[in-house]
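Q: One structure, as structure tokens, below. Some questions next.
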Amino acid sequence: MSEMAHHSEQLPWREKTKKNIEYLKTENGKISVKDAEKKINEDTGLVAISHISNVFGVENPVEEIIEIAHKNEALVVLDCAQSAPHMNLDVKELNADFITFSGHKMLGPSGIGILYGKIELLEEMRPYQVGGGMVKSVEKESVR
């Protein structure tokens with residue numbers, strides 16, 4: 001995570017994880033690639049960064065940071081709340097494992113959000129909440 005991370009990006013990770021959080025430094029208003037090279041290593045499990053800063057409006061060097069993370073087998077969550085409404089995003093080109101953004105930044109209702117994930121990762125995850133439309137059938141002994 002970077003020093004410039006918005007509270008909505010920082011607080012969930014700080015609340016949910018009991019592991020050490022490393023903050024990537026900024027250089028000239030952007031996340032420092034040099035600092036990312038120093039701090040992201042084989043012990044890193046997840047890198048969460050902003051595509052564009054909500055404070056400075058700068059585009060971070062996310063492609064380079066994602067490459068560093070993937071070389072170290074870390075997953076990447078890319079916050080695109082500021083970029084999704086204003087740029088064409090090619091999720092395959094960005095190559096982040098997960099991309100998030102909020103609906104209200106695109107004039108949608110408050111409280112909704114979007115989580116894009118690589119299909120192979122999504123298939124490994126269990127939904128935190130289940131309901132209608134998520135299953136084919138519910139029998140006494142099985143759910144399909």
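Residue numbers start at 1 in each chain; chains themselves are named A, B, ... in the order of the structure tokens; ligands are numbered from 1 in the order shown.
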Could you find all residues in chain A that DSSP calls alpha helix (DSSP H) from the backbone, and write them as an MDAnalysis selection string?

A: chainID A and resid 7:16 33:39 62:71 91:94 119:124

Q: Please identify all polymer residues within 8 Å of A:Ile66, counting only C-alpha atoms, omitting same-chain residues fewer than 6 positions from it, and present them as a CSV table (one decimal) with C-alpha atoms, in the first residue's frame.

A:
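Printed below is around-v8.csv as written:
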chain,number,residue,atom,x,y,z
A,76,VAL,CA,-2.3,-7.1,-6.7
A,95,ASN,CA,-2.7,-7.3,-15.4
A,96,ALA,CA,-3.8,-6.6,-11.8

Q: Among stretch 58-104 of chain A, which residues carry a DSSP assignment of strand (DSSP E or B), reported as a list of chain:residue names?

A: A:Glu59, A:Leu75, A:Val76, A:Val77, A:Leu78, A:Asp79, A:Phe98, A:Ile99, A:Thr100, A:Phe101, A:Ser102

Q: Taking only C-alpha atoms into account, which of A:His70, A:Leu121, A:Gln82, A:Leu89 comes nearest A:Gly103?

A: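 Among A:His70, A:Leu121, A:Gln82, A:Leu89, it is A:Gln82 that comes nearest to A:Gly103.
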
Q: Which residues come within 7 Å of A:Val58, counting only C-alpha atoms, excluding same-chain residues fewer than 4 positions away, as number ranges by chain?

A: A: 30, 52-53

Q: For A:Ser2, work out the shell of residues within 10 Å, counting only C-alpha atoms and skipping chain neighbours fewer than 5 positions away, then give it as a list in words.

A: Glu9, Gln10, Ile21, Glu22, Tyr23, Leu24, Lys25, Thr26, Lys30, Ile31, Ser32, Ala36, Val47, Ala48, Ile49 and Ser50 of chain A

Q: Which residues are close to A:Gly113, i.e. within 8 Å by only C-alpha atoms, leaving aside same-chain residues fewer than 5 positions away? Reply as a ChimeraX atom specification.

A: /A:100-103

Q: Just to confirm, what's the straight-line distance from atom CA of A:Pro127 to atom CA of A:Phe98 in Å (one decimal)?

A: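 These two atoms are separated by 15.1 Å.
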
Q: Report the distance between atom CA of A:His104 and atom CA of A:Met1 in Å, rounded to one decimal place.

A: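 That distance, rounded to one decimal, is 23.1 Å.
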
Q: How far is it from atom CA of A:Asn20 to atom CA of A:Met4, in Å with one decimal?

A: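 Distance between the two atoms: 17.6 Å.
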
Q: Which is closer to A:Lys92 than all the others in A:Pro109, A:Gly29, A:Gly57, A:Gly117, using only C-alpha atoms?

A: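 Ranking A:Pro109, A:Gly29, A:Gly57, A:Gly117 by distance to A:Lys92, first place goes to A:Gly117.
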
Q: Of the candidates A:Asn54, A:Ala5, A:Lys19, A:Asp97, which one gets nearest to A:Ile119 if we count only C-alpha atoms?

A: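 Looking only at the distances to A:Ile119, the closest residue turns out to be A:Asp97.
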